[in-house]
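Shown next: upload.txt, given as compact mmCIF, C-alpha atoms and all ligand atoms.
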# COMPACT_ATOMS: atom_id res chain seq x y z
CA MET A 78 -12.92 9.44 -19.37
CA THR A 79 -9.55 9.25 -17.64
CA ARG A 80 -9.81 8.00 -14.08
CA VAL A 81 -7.58 9.46 -11.36
CA ALA A 82 -5.59 7.08 -9.14
CA ILE A 83 -3.60 7.94 -6.02
CA VAL A 84 -0.78 5.62 -4.95
CA THR A 85 0.52 6.31 -1.45
CA GLY A 86 4.24 5.75 -1.12
CA GLY A 87 4.12 5.73 -4.90
CA THR A 88 7.52 7.16 -5.78
CA ARG A 89 9.82 4.26 -4.96
CA GLY A 90 9.85 0.52 -4.24
CA ILE A 91 6.63 -1.40 -4.78
CA GLY A 92 4.68 1.85 -4.95
CA GLU A 93 6.73 3.11 -7.89
CA ALA A 94 5.99 -0.09 -9.81
CA ILE A 95 2.29 0.29 -8.97
CA SER A 96 2.27 3.92 -10.18
CA LEU A 97 3.83 2.86 -13.48
CA ALA A 98 1.50 -0.12 -13.95
CA LEU A 99 -1.60 2.03 -13.38
CA GLN A 100 -0.25 4.72 -15.70
CA ALA A 101 0.33 2.07 -18.39
CA GLN A 102 -3.28 0.94 -17.87
CA GLY A 103 -4.53 4.47 -18.69
CA PHE A 104 -5.08 5.98 -15.25
CA LEU A 105 -4.00 9.52 -14.45
CA VAL A 106 -1.73 8.65 -11.54
CA VAL A 107 -0.74 10.89 -8.63
CA ALA A 108 1.91 9.53 -6.25
CA ASN A 109 2.28 10.43 -2.59
CA TYR A 110 5.50 10.17 -0.59
CA ALA A 111 6.79 11.02 2.89
CA GLY A 112 10.23 12.58 2.84
CA HIS A 113 12.59 11.45 0.09
CA VAL A 114 12.25 14.65 -1.93
CA GLU A 115 15.10 14.04 -4.39
CA LYS A 116 13.81 10.57 -5.23
CA ALA A 117 10.30 11.99 -5.75
CA ARG A 118 11.63 14.74 -8.06
CA GLU A 119 13.61 12.23 -10.10
CA PHE A 120 10.53 9.95 -10.29
CA SER A 121 8.25 12.78 -11.49
CA ALA A 122 10.75 14.00 -14.08
CA ARG A 123 11.18 10.47 -15.46
CA THR A 124 7.52 9.41 -15.46
CA GLY A 125 5.48 12.63 -15.75
CA ILE A 126 3.57 11.52 -12.62
CA ALA A 127 2.93 14.31 -10.09
CA ALA A 128 4.22 13.60 -6.60
CA TYR A 129 2.65 15.09 -3.47
CA ARG A 130 4.41 15.01 -0.13
CA TRP A 131 2.40 14.33 2.99
CA ASP A 132 2.24 11.89 5.90
CA VAL A 133 -0.58 9.36 5.38
CA GLY A 134 -0.76 8.92 9.15
CA ASP A 135 -1.92 12.55 9.41
CA HIS A 136 -5.69 12.57 8.99
CA GLU A 137 -6.07 16.25 8.12
CA ALA A 138 -3.20 16.08 5.62
CA CYS A 139 -4.91 13.21 3.79
CA ILE A 140 -8.20 15.11 3.58
CA HIS A 141 -6.52 18.34 2.48
CA ASN A 142 -4.25 16.77 -0.15
CA CYS A 143 -6.96 14.52 -1.62
CA ASN A 144 -9.23 17.55 -1.98
CA ASP A 145 -6.38 19.44 -3.61
CA ILE A 146 -5.62 16.55 -6.02
CA ALA A 147 -9.32 16.20 -6.92
CA ALA A 148 -9.55 19.94 -7.61
CA THR A 149 -6.47 19.80 -9.84
CA PHE A 150 -6.90 16.48 -11.68
CA GLY A 151 -10.53 15.40 -11.16
CA PRO A 152 -12.42 13.06 -8.84
CA ILE A 153 -10.36 10.28 -7.27
CA ASP A 154 -11.61 6.87 -8.41
CA VAL A 155 -8.72 4.65 -7.29
CA VAL A 156 -6.66 4.62 -4.09
CA VAL A 157 -3.78 2.24 -3.53
CA ASN A 158 -2.77 2.28 0.13
CA ASN A 159 0.82 1.20 -0.29
CA ALA A 160 2.75 3.51 2.09
CA GLY A 161 4.19 1.52 4.94
CA ILE A 162 7.01 1.51 7.46
CA THR A 163 8.67 -0.96 9.82
CA ARG A 164 10.06 -0.37 13.32
CA ASP A 165 11.15 -3.92 14.15
CA GLY A 166 12.19 -5.29 17.52
CA VAL A 167 11.17 -7.99 19.97
CA LEU A 168 8.46 -6.90 22.38
CA ASP A 169 10.91 -6.38 25.26
CA LYS A 170 12.82 -3.85 23.17
CA MET A 171 9.94 -2.28 21.26
CA SER A 172 9.01 1.17 22.55
CA PHE A 173 5.47 2.48 22.65
CA ASP A 174 6.51 4.95 19.94
CA ASP A 175 7.65 2.07 17.69
CA TRP A 176 4.29 0.39 18.20
CA ASN A 177 2.24 3.53 17.72
CA GLU A 178 4.06 4.88 14.68
CA VAL A 179 3.63 1.66 12.67
CA ILE A 180 -0.07 1.41 13.56
CA ARG A 181 -0.53 5.13 12.81
CA VAL A 182 1.10 5.02 9.37
CA ASP A 183 0.43 1.50 8.06
CA LEU A 184 -3.13 1.02 9.34
CA GLY A 185 -4.19 4.60 10.11
CA GLY A 186 -3.13 5.64 6.61
CA CYS A 187 -5.72 3.28 5.10
CA PHE A 188 -8.48 4.76 7.26
CA ASN A 189 -7.42 8.33 6.52
CA MET A 190 -7.27 7.80 2.76
CA ALA A 191 -10.62 6.00 2.73
CA LYS A 192 -12.22 8.83 4.71
CA ALA A 193 -10.94 11.27 2.11
CA THR A 194 -12.12 9.38 -0.98
CA PHE A 195 -14.66 6.60 -0.33
CA GLY A 196 -17.71 8.89 -0.15
CA GLY A 197 -16.94 10.38 -3.56
CA MET A 198 -16.44 6.93 -5.11
CA LYS A 199 -19.79 5.75 -3.72
CA SER A 200 -21.64 8.83 -4.96
CA ARG A 201 -20.21 8.35 -8.49
CA GLY A 202 -20.98 4.60 -8.45
CA TRP A 203 -17.45 3.39 -9.21
CA GLY A 204 -14.28 3.01 -7.21
CA ARG A 205 -11.31 0.81 -6.44
CA ILE A 206 -9.36 0.66 -3.18
CA VAL A 207 -6.40 -1.70 -2.95
CA ASN A 208 -4.61 -2.01 0.39
CA ILE A 209 -1.12 -3.45 0.57
CA GLY A 210 -0.94 -5.84 3.49
CA SER A 211 1.78 -8.41 4.04
CA VAL A 212 2.46 -12.11 4.39
CA ASN A 213 3.66 -11.15 7.87
CA GLY A 214 0.17 -9.88 8.68
CA GLN A 215 -1.16 -13.33 7.76
CA MET A 216 1.54 -15.44 9.46
CA GLY A 217 3.03 -13.19 12.12
CA GLN A 218 6.79 -12.64 12.24
CA TYR A 219 9.29 -12.65 15.10
CA GLY A 220 10.20 -9.09 16.10
CA GLN A 221 7.24 -7.49 14.33
CA VAL A 222 4.25 -7.35 16.69
CA ASN A 223 3.58 -3.78 15.53
CA TYR A 224 3.88 -4.45 11.80
CA ALA A 225 2.05 -7.81 11.93
CA ALA A 226 -0.80 -6.21 13.90
CA ALA A 227 -1.06 -3.28 11.48
CA LYS A 228 -0.97 -5.47 8.38
CA SER A 229 -3.37 -8.01 9.85
CA GLY A 230 -5.63 -5.06 10.66
CA ILE A 231 -5.49 -4.03 7.01
CA HIS A 232 -6.95 -7.38 6.01
CA GLY A 233 -9.88 -6.92 8.44
CA PHE A 234 -10.33 -3.31 7.35
CA THR A 235 -10.51 -4.48 3.73
CA LYS A 236 -13.24 -7.04 4.37
CA ALA A 237 -15.34 -4.61 6.41
CA LEU A 238 -15.08 -1.68 3.97
CA ALA A 239 -15.75 -4.01 1.01
CA GLN A 240 -19.18 -4.70 2.50
CA GLU A 241 -19.91 -0.96 2.65
CA GLY A 242 -18.81 -0.34 -0.94
CA ALA A 243 -20.26 -3.37 -2.71
CA LYS A 244 -23.67 -2.03 -3.68
CA PHE A 245 -22.13 1.25 -4.88
CA GLY A 246 -19.71 -0.26 -7.40
CA VAL A 247 -16.73 0.32 -5.12
CA THR A 248 -14.48 -2.68 -4.60
CA VAL A 249 -12.01 -2.94 -1.73
CA ASN A 250 -9.30 -5.58 -1.88
CA ALA A 251 -5.90 -6.29 -0.43
CA ILE A 252 -2.67 -7.75 -1.68
CA ALA A 253 -0.43 -9.59 0.73
CA PRO A 254 3.08 -9.52 -0.73
CA GLY A 255 5.74 -11.92 0.36
CA TYR A 256 9.36 -10.76 0.44
CA ILE A 257 9.95 -8.29 -2.39
CA ASP A 258 13.31 -6.93 -3.50
CA THR A 259 13.04 -3.29 -2.24
CA ASP A 260 14.85 -0.94 0.16
CA MET A 261 12.62 -2.21 3.00
CA VAL A 262 13.90 -5.76 2.53
CA ALA A 263 17.49 -4.59 1.94
CA ALA A 264 17.38 -3.43 5.58
CA VAL A 265 16.94 -7.05 6.77
CA PRO A 266 20.30 -8.56 7.90
CA GLN A 267 21.75 -11.08 5.41
CA SER A 268 21.77 -13.92 7.97
CA VAL A 269 18.01 -13.44 8.52
CA MET A 270 17.41 -13.13 4.77
CA ASP A 271 19.24 -16.42 4.09
CA LYS A 272 16.83 -18.19 6.45
CA ILE A 273 13.81 -16.48 4.89
CA LEU A 274 14.86 -17.55 1.38
CA THR A 275 14.89 -21.22 2.41
CA ARG A 276 11.20 -20.86 3.28
CA ILE A 277 10.13 -19.46 -0.12
CA PRO A 278 9.29 -22.42 -2.40
CA VAL A 279 9.88 -20.39 -5.58
CA GLY A 280 13.41 -19.83 -4.24
CA ARG A 281 13.80 -16.09 -4.74
CA LEU A 282 12.52 -12.69 -3.67
CA GLY A 283 9.61 -11.22 -5.60
CA GLN A 284 9.90 -8.20 -7.87
CA SER A 285 7.91 -5.00 -7.34
CA ALA A 286 6.38 -5.37 -10.81
CA GLU A 287 4.90 -8.72 -9.76
CA ILE A 288 2.90 -6.95 -7.03
CA ALA A 289 2.02 -4.07 -9.37
CA ARG A 290 0.45 -6.40 -11.92
CA GLY A 291 -1.87 -7.74 -9.22
CA VAL A 292 -2.87 -4.21 -8.21
CA ALA A 293 -3.48 -3.20 -11.82
CA PHE A 294 -5.77 -6.19 -12.30
CA LEU A 295 -7.78 -5.42 -9.14
CA CYS A 296 -8.22 -1.83 -10.40
CA SER A 297 -9.50 -2.93 -13.81
CA GLU A 298 -13.09 -3.29 -15.04
CA ASP A 299 -12.48 -7.05 -15.27
CA ALA A 300 -12.14 -7.26 -11.47
CA ALA A 301 -15.60 -5.80 -10.72
CA PHE A 302 -16.83 -9.03 -9.08
CA ILE A 303 -13.80 -9.29 -6.78
CA THR A 304 -14.22 -7.48 -3.47
CA GLY A 305 -13.14 -8.13 0.09
CA SER A 306 -10.47 -10.51 -1.10
CA THR A 307 -6.79 -10.77 -0.33
CA MET A 308 -4.50 -11.78 -3.16
CA SER A 309 -1.37 -13.48 -1.84
CA ILE A 310 1.71 -12.89 -4.02
CA ASN A 311 4.48 -14.57 -2.09
CA GLY A 312 6.23 -17.29 -4.10
CA GLY A 313 4.33 -19.98 -2.20
CA GLN A 314 5.73 -18.93 1.19
CA HIS A 315 2.30 -19.01 2.81
CA MET A 316 -0.70 -20.68 1.19
CA TYR A 317 -3.63 -18.98 2.82
P1 LIG A 401 9.82 1.20 0.79
O1 LIG A 401 10.34 1.43 2.17
O2 LIG A 401 10.77 0.82 -0.28
O3 LIG A 401 8.95 2.46 0.33
C1 LIG A 401 7.98 2.97 1.19
C2 LIG A 401 7.21 4.06 0.51
O4 LIG A 401 6.22 4.54 1.44
C3 LIG A 401 8.08 5.25 0.15
O5 LIG A 401 7.58 5.85 -1.04
C4 LIG A 401 7.86 6.20 1.33
O6 LIG A 401 8.06 7.58 0.99
C5 LIG A 401 6.41 5.93 1.64
N1 LIG A 401 6.05 6.28 3.00
C6 LIG A 401 6.59 5.80 4.15
N2 LIG A 401 5.99 6.39 5.21
C7 LIG A 401 5.06 7.23 4.72
C8 LIG A 401 4.14 8.13 5.29
N3 LIG A 401 4.03 8.27 6.63
N4 LIG A 401 3.35 8.87 4.48
C9 LIG A 401 3.45 8.76 3.12
N5 LIG A 401 4.30 7.92 2.52
C10 LIG A 401 5.10 7.16 3.30
O7 LIG A 401 8.69 0.08 0.96
P2 LIG A 401 8.31 -1.13 -0.01
O8 LIG A 401 8.17 -0.64 -1.40
O9 LIG A 401 9.17 -2.27 0.29
O10 LIG A 401 6.86 -1.50 0.58
C11 LIG A 401 5.67 -0.93 0.08
C12 LIG A 401 4.50 -1.54 0.84
O11 LIG A 401 4.53 -2.95 0.69
C13 LIG A 401 4.55 -1.26 2.35
O12 LIG A 401 3.23 -1.08 2.84
C14 LIG A 401 5.13 -2.56 2.90
O13 LIG A 401 4.75 -2.77 4.23
C15 LIG A 401 4.51 -3.56 1.97
N6 LIG A 401 5.23 -4.83 1.90
C16 LIG A 401 6.53 -4.86 1.47
C17 LIG A 401 7.19 -6.06 1.40
C18 LIG A 401 8.58 -6.17 0.91
O14 LIG A 401 9.10 -7.29 0.93
N7 LIG A 401 9.22 -5.10 0.47
C19 LIG A 401 6.53 -7.31 1.81
C20 LIG A 401 5.18 -7.16 2.23
C21 LIG A 401 4.56 -5.94 2.27
P3 LIG A 401 9.57 8.19 0.92
O15 LIG A 401 10.15 7.68 -0.38
O16 LIG A 401 9.37 9.65 0.91
O17 LIG A 401 10.28 7.68 2.11
Using the file provided, produce a representation of the structure as structure tokens.
Ligand code: NDP
Amino acid sequence: MTRVAIVTGGTRGIGEAISLALQAQGFLVVANYAGHVEKAREFSARTGIAAYRWDVGDHEACIHNCNDIAATFGPIDVVVNNAGITRDGVLDKMSFDDWNEVIRVDLGGCFNMAKATFGGMKSRGWGRIVNIGSVNGQMGQYGQVNYAAAKSGIHGFTKALAQEGAKFGVTVNAIAPGYIDTDMVAAVPQSVMDKILTRIPVGRLGQSAEIARGVAFLCSEDAAFITGSTMSINGGQHMY
């Protein structure tokens, strides 16, 4: 039986690597994305992975699209909540919209996707949810009260939902990446990045594939006894 996996934000960056790793592991992968249509088309043509466009912060859109995907491909057994955004700024300069949008997408997206899929996983007695948090949700980061709060919230969400899924064969885990070489990190000014690099004992940025391998493991049969955990993949930046 081929299991269906949805990867939010799965067409580029870390999400693209996760989509490919799950596909290589035998899952039928469906990727979600927000707005970069050309990138999504190129990704689908290259990988054969269907890409669906919707905003994970939109509750109804998550329910509708997950139902649609299940009707087309089969029941959804794996969800990787990877979609995330930043709207950085110190508190004095951060607008309410900047706060709200990051909470809505990064944390709200996890709730919305779980609402759409968790019940089905429980009723079938098998499921995997992996939420992508962040080292900055564990440590905090200057200029990121919105992002740190959302990502920290993901770690609490993971531990709470894991308790609800455990007796139904549904595991819920998180990965807290450190700094990974993607478009999101390319947006960080070089002077800030130079300082960040001095604080990573391994001495380099991580690669998307290094996060994807962790996700693929947590989605495997071998990881059935792991639930409610956070796997830190950060080059030793924060030992938590
Ligand atoms: P990118 O900015 O490179 O990619 C983000 C992905 O999320 C894109 O596919 C984007 O779609 C999608 N996306 C954004 N907003 C929405 C939305 N509202 N609805 C649906 N999809 C959306 O991010 P990264 O690959 O760097 O990061 C992936 C995850 O890893 C994020 O949750 C991030 O917070 C987390 N992370 C990243 C780190 C890093 O160093 N890069 C470190 C720690 C955590 P589209 O292509 O259409 O824009």
- Message: How would you report the residues lying within 8 Å of ligand LIG 401 (chain A), as a ChimeraX atom specification, if you count only C-alpha atoms and all ligand atoms?
- Response: /A:85-93,109-114,116-117,130-135,158-163,182-183,186,209-213,224,228,253-262,282-283,285
- Query: Between A:Ala108, A:Ala251, A:Ala98, A:Met316, which has the minimum distance to Arg205 in chain A (counting only C-alpha atoms)?
  - Reply: A:Ala251
- Query: How many Å separate CA of Gly196 in chain A from CA of Ala237 in chain A?
  - Reply: 15.2 Å
- Item | Counting only C-alpha atoms, the residue of A:Thr275, A:Lys192, A:Leu99, A:Gln218 that sits nearest Ile140 in chain A |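 Smallest separation from Ile140 in chain A among the options: A:Lys192.
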- Find the residue from A:Ser309, A:Thr248, A:Asn208, A:Gln100 that sits nearest to Gly230 in chain A; use all atoms listed in the file when measuring.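 Distance minimum relative to Gly230 in chain A lands on A:Asn208.
Residue nearest Ile273 in chain A within the list A:Asn311, A:Arg290, A:Asp145, A:Val207: A:Asn311 [criterion: smallest interatomic distance, only C-alpha atoms].
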- Item | Given all atoms listed in the file as the counted atoms, nearest of A:Ile303, A:Val222, A:Ile231, A:Val157 to Val84 in chain A |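 Using all atoms listed in the file, the shortest distance to Val84 in chain A belongs to A:Val157.
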Applying 6 Å and only C-alpha atoms, which residues near range 151-156 of chain A remain after dropping the ones on its own chain fewer than 2 positions away? List them as a compact mmCIF listing (two decimals) with C-alpha atoms, keeping the file's coordinate frame.
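Dumped to part13.txt:
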# COMPACT_ATOMS: atom_id res chain seq x y z
CA VAL A 81 -7.58 9.46 -11.36
CA ALA A 82 -5.59 7.08 -9.14
CA ILE A 83 -3.60 7.94 -6.02
CA ALA A 147 -9.32 16.20 -6.92
CA ALA A 148 -9.55 19.94 -7.61
CA MET A 198 -16.44 6.93 -5.11
CA GLY A 204 -14.28 3.01 -7.21
CA ARG A 205 -11.31 0.81 -6.44
CA ILE A 206 -9.36 0.66 -3.18
- What is the distance, in Å and to one decimal place, between CA of Gln102 in chain A and CA of Arg281 in chain A?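 Spanning CA of Gln102 in chain A to CA of Arg281 in chain A is a straight-line distance of 27.5 Å.
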Dump of range 152-166 of chain A from preceding block, N, CA and C atoms, as a PDB file, in the first residue's frame:
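Dumped everything to part20.pdb:
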ATOM      1  N   PRO A 152      -6.232   8.325   1.214  1.00  0.00           N
ATOM      2  CA  PRO A 152      -6.172   8.912   2.554  1.00  0.00           C
ATOM      3  C   PRO A 152      -4.784   9.460   2.881  1.00  0.00           C
ATOM      4  N   ILE A 153      -4.767  10.551   3.619  1.00  0.00           N
ATOM      5  CA  ILE A 153      -3.491  11.219   3.935  1.00  0.00           C
ATOM      6  C   ILE A 153      -2.932  10.647   5.238  1.00  0.00           C
ATOM      7  N   ASP A 154      -1.787   9.999   5.147  1.00  0.00           N
ATOM      8  CA  ASP A 154      -1.187   9.336   6.307  1.00  0.00           C
ATOM      9  C   ASP A 154      -0.037  10.134   6.917  1.00  0.00           C
ATOM     10  N   VAL A 155       0.519  11.069   6.149  1.00  0.00           N
ATOM     11  CA  VAL A 155       1.683  11.829   6.621  1.00  0.00           C
ATOM     12  C   VAL A 155       1.476  13.306   6.294  1.00  0.00           C
ATOM     13  N   VAL A 156       1.709  14.155   7.276  1.00  0.00           N
ATOM     14  CA  VAL A 156       1.715  15.603   7.025  1.00  0.00           C
ATOM     15  C   VAL A 156       3.018  16.178   7.565  1.00  0.00           C
ATOM     16  N   VAL A 157       3.717  16.902   6.730  1.00  0.00           N
ATOM     17  CA  VAL A 157       4.899  17.633   7.179  1.00  0.00           C
ATOM     18  C   VAL A 157       4.567  19.119   7.114  1.00  0.00           C
ATOM     19  N   ASN A 158       4.440  19.726   8.289  1.00  0.00           N
ATOM     20  CA  ASN A 158       4.133  21.158   8.363  1.00  0.00           C
ATOM     21  C   ASN A 158       5.431  21.942   8.271  1.00  0.00           C
ATOM     22  N   ASN A 159       5.796  22.236   7.040  1.00  0.00           N
ATOM     23  CA  ASN A 159       7.073  22.906   6.773  1.00  0.00           C
ATOM     24  C   ASN A 159       6.898  24.368   6.378  1.00  0.00           C
ATOM     25  N   ALA A 160       5.728  24.736   5.829  1.00  0.00           N
ATOM     26  CA  ALA A 160       5.541  26.113   5.334  1.00  0.00           C
ATOM     27  C   ALA A 160       5.789  27.103   6.460  1.00  0.00           C
ATOM     28  N   GLY A 161       6.558  28.115   6.166  1.00  0.00           N
ATOM     29  CA  GLY A 161       6.831  29.122   7.189  1.00  0.00           C
ATOM     30  C   GLY A 161       7.306  30.412   6.560  1.00  0.00           C
ATOM     31  N   ILE A 162       7.070  31.508   7.280  1.00  0.00           N
ATOM     32  CA  ILE A 162       7.501  32.821   6.805  1.00  0.00           C
ATOM     33  C   ILE A 162       8.168  33.575   7.952  1.00  0.00           C
ATOM     34  N   THR A 163       8.917  34.602   7.604  1.00  0.00           N
ATOM     35  CA  THR A 163       9.451  35.535   8.604  1.00  0.00           C
ATOM     36  C   THR A 163       8.971  36.938   8.275  1.00  0.00           C
ATOM     37  N   ARG A 164       8.785  37.750   9.279  1.00  0.00           N
ATOM     38  CA  ARG A 164       8.537  39.199   9.142  1.00  0.00           C
ATOM     39  C   ARG A 164       9.320  39.849  10.275  1.00  0.00           C
ATOM     40  N   ASP A 165      10.663  39.898  10.112  1.00  0.00           N
ATOM     41  CA  ASP A 165      11.536  40.279  11.221  1.00  0.00           C
ATOM     42  C   ASP A 165      11.509  41.773  11.519  1.00  0.00           C
ATOM     43  N   GLY A 166      11.802  42.106  12.745  1.00  0.00           N
ATOM     44  CA  GLY A 166      11.953  43.495  13.168  1.00  0.00           C
ATOM     45  C   GLY A 166      11.935  43.541  14.686  1.00  0.00           C
TER      46      GLY A 166
END
